[in-house]
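Engineer: I'd like to ask you about the structure that follows.
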Amino acid sequence: MKTPRIIGHRGASWARPENTAPAFDLALQEGAQGLELDLQLTRDEQVVVFHDKTLSMLGMKHRRIAQYTREELRALDVGGWFSEEFAGTRILDLDEVLECYGEVTDLYLEIKPVGALKKPEWATRLARRVADRVSAHQHLHRIYVLSFSEAVLLEVLRSHAHLRCVHNLEHPHDLDRMSQEVLDALHAVCVDIRRFDVADVARVHAACRHLFAYTVDAPRHLKVALELQVDAIISNGPAQARQTLSMLMTTD
C-alpha cells in the first residue's frame, strides 16, 4: 500500500490563518510535501493569494478582491481575524510565493474562476497571468495548476501545454462532462474523497495518470484515501494527517 503525499490545504489552515506565510511555514514544519493555495486577480491585474472573492473574512462584507490593487490589499491585515497572535500578517502575491517556497516544496496553485460565468474574460486573464508567471519559474517541476473550471484549464493548456494541470471535481458525474481535450492533457484529477468509490476511482485512473483527493482530515477519510491508493491528499492539518496515515498503515 503506497503512502500518499500530504499537501497543506491553504497551508496548515487548522492552526494558522489560511493562505498566509505563517500557515505555509507551519505546514512545512509539520512535514507537508507541498502547499495548496488559492489565486485571484486584483484590479491592477496582479495575482494574489486569497480564497474568497470578497473580503468578508476581514470584516469588509461587500468588498471584492477585484476592486482593490495589490498595494491596497497589502495594507490590509489578513491574520488578525484568526487570532491576535497573527495580527499584521500581510497578503502574499504569486511572485512572493514562488520566490519563498518554489525552491523548497511543491506548489499546488488553484486558479479561482471568480466571475467566470458573468465575466469569462476575467477568469481568462487570471489564467494567463498565472501561466505566464509560473512558466518562467526556475523549478517548474514543482508547480501544479489546479481549477474546478475546465475553461480555465483549457486556457492554461492551450498557451502553456507543458504545465501540469489538475482538474478539481466535486462529483463522479463531473467526469462525464469533461472534454477529451482536457482529459488527454491533464496530469491529475483531484476529487472529493467523500463522494467517490472504487468504481469511480477506476474511471479516473483510466482517464488520466494521477489521482489526488481533497480535503482529507478525518481518520475515516484518510483510510478511504489509502484504500483508493490516491497519489496525494490535501489536508488542513499535515501533522495530524501524517500521524493518522502512519497508524493506519501500521495497523494494516
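Chain labels run A, B, ... following the order of the C-alpha cells; each chain numbers its residues from 1, and ligands are numbered from 1 in the order shown.
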Which residues of region 56-160 of chain A come within 12 Å of region 212-230 of chain A, and what is each one's closest atom pair and distance in Å (one decimal), counting only C-alpha atoms, sorted by chain and residue number, as CSV?
Structural biologist:
residue,atom,partner,partner_atom,distance
A:Tyr108,CA,A:Phe212,CA,11.1
A:Tyr144,CA,A:Phe212,CA,11.6
A:Leu146,CA,A:Phe212,CA,10.9
Engineer: Within 9 Å of Gly102 (chain A), counting only C-alpha atoms, which residues qualify if same-chain residues fewer than 5 places away don't, as a list in words?
Structural biologist: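 Final neighbour list, sorted by chain and number: Val97, Leu107, His137, Gln138, His139, Leu140, Arg142 and Ile143 of chain A.
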Engineer: Report, in Å to a single decimal, how far apart CA of Asn168 (chain A) and CA of Phe148 (chain A) are.
Structural biologist: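 One can read the CA of Phe148 (chain A) to CA of Asn168 (chain A) distance as 4.7 Å.
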Engineer: If you count only C-alpha atoms, which residues fall within 7 Å of Thr89 (chain A), apart from same-chain ones fewer than 5 positions away, as a list in words?
Structural biologist: Asp77, Val78 and Gly79 of chain A
Engineer: Calculated over only C-alpha atoms, which of the candidates A:Pro17, A:Leu248, A:Leu109, A:Leu39 has the smallest distance to Trp81 (chain A)?
Structural biologist: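 Counting only C-alpha atoms, the residue closest to Trp81 (chain A) is A:Pro17.
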Engineer: Please identify the helix (DSSP H, G or I) residues within region 45-87 of chain A (assignment by DSSP from backbone atoms) and present them as number ranges by chain.
Structural biologist: A: 56-58, 65-67, 70-74, 84-86
Engineer: Quick one: of A:Arg10, A:Arg5, A:Lys61, A:Arg90, who's nearest to Leu73 (chain A), counting only C-alpha atoms?
Structural biologist: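 The closest residue to Leu73 (chain A) is A:Arg90.
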Engineer: Set the distance at 8 Å and use only C-alpha atoms: which residues neighbour Pro172 (chain A) once local chain neighbours fewer than 5 positions away are removed? I'd like the list as a PyMOL selection string.
Structural biologist: chain A and resi 195-196+200
Engineer: For the selection just defined, write its residues with N, CA and C atoms to a file, as a PDB file, in the first residue's frame.
Structural biologist:
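Heads up, here's the output in selection38.pdb:
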ATOM      1  N   ARG A 195     -17.141  11.457  -1.932  1.00  0.00           N
ATOM      2  CA  ARG A 195     -18.174  11.202  -2.936  1.00  0.00           C
ATOM      3  C   ARG A 195     -17.756  10.206  -4.014  1.00  0.00           C
ATOM      4  N   PHE A 196     -16.536   9.702  -3.923  1.00  0.00           N
ATOM      5  CA  PHE A 196     -16.032   8.789  -4.944  1.00  0.00           C
ATOM      6  C   PHE A 196     -15.797   7.407  -4.340  1.00  0.00           C
ATOM      7  N   ASP A 200     -15.574   4.639  -9.278  1.00  0.00           N
ATOM      8  CA  ASP A 200     -15.299   5.997  -9.765  1.00  0.00           C
ATOM      9  C   ASP A 200     -13.799   6.223  -9.917  1.00  0.00           C
TER      10      ASP A 200
END
Engineer: Find the residues near Ser147 (chain A): any atom within 7 Å, counting only C-alpha atoms, skip ones fewer than 3 places away on the same chain, and give them as an NGL selection string.
Structural biologist: :A and (110-112 or 152-153 or 166-168)
Engineer: Could those selected residues go to a file with N, CA and C atoms, as a compact mmCIF listing (two decimals), in the first residue's frame?
Structural biologist:
# COMPACT_ATOMS: atom_id res chain seq x y z
N GLU A 110 -4.24 26.87 -7.10
CA GLU A 110 -5.62 26.79 -7.58
C GLU A 110 -6.07 28.15 -8.12
N ILE A 111 -6.46 28.16 -9.37
CA ILE A 111 -6.98 29.36 -10.01
C ILE A 111 -8.47 29.44 -9.72
N LYS A 112 -8.88 30.50 -9.02
CA LYS A 112 -10.29 30.66 -8.67
C LYS A 112 -11.02 31.33 -9.84
N VAL A 152 -10.89 27.40 -17.59
CA VAL A 152 -9.64 27.94 -17.07
C VAL A 152 -8.47 27.02 -17.43
N LEU A 153 -8.65 25.72 -17.24
CA LEU A 153 -7.58 24.77 -17.55
C LEU A 153 -7.27 24.75 -19.04
N VAL A 166 -4.32 20.12 -13.13
CA VAL A 166 -5.12 19.22 -12.32
C VAL A 166 -6.56 19.73 -12.29
N HIS A 167 -7.50 18.85 -12.64
CA HIS A 167 -8.91 19.24 -12.63
C HIS A 167 -9.54 18.82 -11.30
N ASN A 168 -10.03 19.80 -10.54
CA ASN A 168 -10.76 19.51 -9.30
C ASN A 168 -12.19 19.10 -9.64
Engineer: Based on DSSP run over this structure's backbone, return all residues of region 176-236 of chain A in strand (DSSP E or B), as a list in words.
Structural biologist: Ala188, Val189, Cys190, Val191, Asp192, His210, Leu211, Phe212, Ala213, Tyr214, Ala232, Ile233, Ile234 and Ser235 of chain A
Engineer: Let's have the selection written as a compact mmCIF listing (two decimals), in the first residue's frame, with N, CA and C atoms.
Structural biologist:
# COMPACT_ATOMS: atom_id res chain seq x y z
N ALA A 188 -3.46 15.20 -13.57
CA ALA A 188 -4.18 14.51 -12.50
C ALA A 188 -5.60 15.05 -12.38
N VAL A 189 -6.42 14.26 -11.67
CA VAL A 189 -7.74 14.71 -11.25
C VAL A 189 -7.73 14.72 -9.72
N CYS A 190 -8.32 15.75 -9.14
CA CYS A 190 -8.38 15.89 -7.68
C CYS A 190 -9.85 15.82 -7.26
N VAL A 191 -10.20 14.84 -6.43
CA VAL A 191 -11.61 14.57 -6.15
C VAL A 191 -11.95 14.77 -4.67
N ASP A 192 -13.24 14.97 -4.42
CA ASP A 192 -13.77 14.98 -3.07
C ASP A 192 -13.90 13.52 -2.64
N HIS A 210 -2.84 10.43 -12.68
CA HIS A 210 -2.72 10.54 -11.23
C HIS A 210 -4.05 10.95 -10.59
N LEU A 211 -4.18 10.59 -9.31
CA LEU A 211 -5.38 10.90 -8.55
C LEU A 211 -4.99 11.57 -7.24
N PHE A 212 -5.54 12.77 -7.03
CA PHE A 212 -5.37 13.49 -5.76
C PHE A 212 -6.74 13.56 -5.07
N ALA A 213 -6.74 13.87 -3.78
CA ALA A 213 -8.00 13.96 -3.03
C ALA A 213 -8.00 15.17 -2.11
N TYR A 214 -9.15 15.82 -1.99
CA TYR A 214 -9.33 16.96 -1.08
C TYR A 214 -10.59 16.75 -0.28
N ALA A 232 -1.93 11.76 -3.76
CA ALA A 232 -1.71 12.88 -2.84
C ALA A 232 -3.02 13.24 -2.17
N ILE A 233 -2.92 13.68 -0.92
CA ILE A 233 -4.10 14.20 -0.22
C ILE A 233 -3.84 15.64 0.18
N ILE A 234 -4.88 16.43 0.12
CA ILE A 234 -4.81 17.83 0.53
C ILE A 234 -5.51 17.94 1.88
N SER A 235 -4.77 18.38 2.90
CA SER A 235 -5.27 18.34 4.27
C SER A 235 -5.03 19.66 4.99
Engineer: Give the answer as one residue: which of A:Arg74, A:Val156, A:Ala199, A:Asp174 has the shortest atom-to-atom distance to Leu186 (chain A), using only C-alpha atoms?
Structural biologist: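 Nearest candidate to Leu186 (chain A) out of A:Arg74, A:Val156, A:Ala199, A:Asp174: A:Val156.
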Engineer: Find, counting only C-alpha atoms, the residue in A:His9, A:Lys2, A:His141, A:His205 that gets nearest to Arg164 (chain A).
Structural biologist: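 Smallest separation from Arg164 (chain A) among the options: A:His141.
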Engineer: Here is a test: counting only C-alpha atoms, which residue of A:Leu154, A:Ile91, A:Leu163, A:Val204 is nearest to Ala131 (chain A)?
Structural biologist: A:Leu163
Engineer: For region 48-52 of chain A, work out the shell of residues within 7 Å, counting only C-alpha atoms and skipping chain neighbours fewer than 6 positions away, then give it as a CSV table (one decimal) with N, CA and C atoms, in the first residue's frame.
Structural biologist:
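Resulting contents of selection29.csv:
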chain,number,residue,atom,x,y,z
A,19,ASN,N,-3.8,30.5,3.8
A,19,ASN,CA,-3.2,31.2,2.6
A,19,ASN,C,-2.2,32.3,3.0
A,37,LEU,N,-2.7,26.5,-2.5
A,37,LEU,CA,-3.1,27.9,-2.3
A,37,LEU,C,-4.0,28.4,-3.4
A,38,ASP,N,-4.7,29.4,-3.1
A,38,ASP,CA,-5.7,30.0,-4.0
A,38,ASP,C,-5.3,31.3,-4.6
A,39,LEU,N,-5.5,31.5,-5.9
A,39,LEU,CA,-5.1,32.7,-6.6
A,39,LEU,C,-6.2,33.5,-7.1
A,40,GLN,N,-6.1,34.8,-7.0
A,40,GLN,CA,-7.1,35.7,-7.5
A,40,GLN,C,-6.5,36.9,-8.2
A,41,LEU,N,-7.2,37.6,-9.0
A,41,LEU,CA,-6.7,38.7,-9.7
A,41,LEU,C,-7.2,40.0,-9.1
A,91,ILE,N,-1.1,40.0,3.0
A,91,ILE,CA,-1.4,39.2,1.9
A,91,ILE,C,-0.2,38.9,1.0
A,92,LEU,N,-0.1,37.7,0.5
A,92,LEU,CA,1.0,37.4,-0.4
A,92,LEU,C,0.6,37.5,-1.9
A,93,ASP,N,1.6,37.8,-2.7
A,93,ASP,CA,1.3,37.7,-4.2
A,93,ASP,C,2.0,36.4,-4.7
A,94,LEU,N,1.7,36.1,-6.0
A,94,LEU,CA,2.2,34.9,-6.6
A,94,LEU,C,3.7,34.9,-6.6
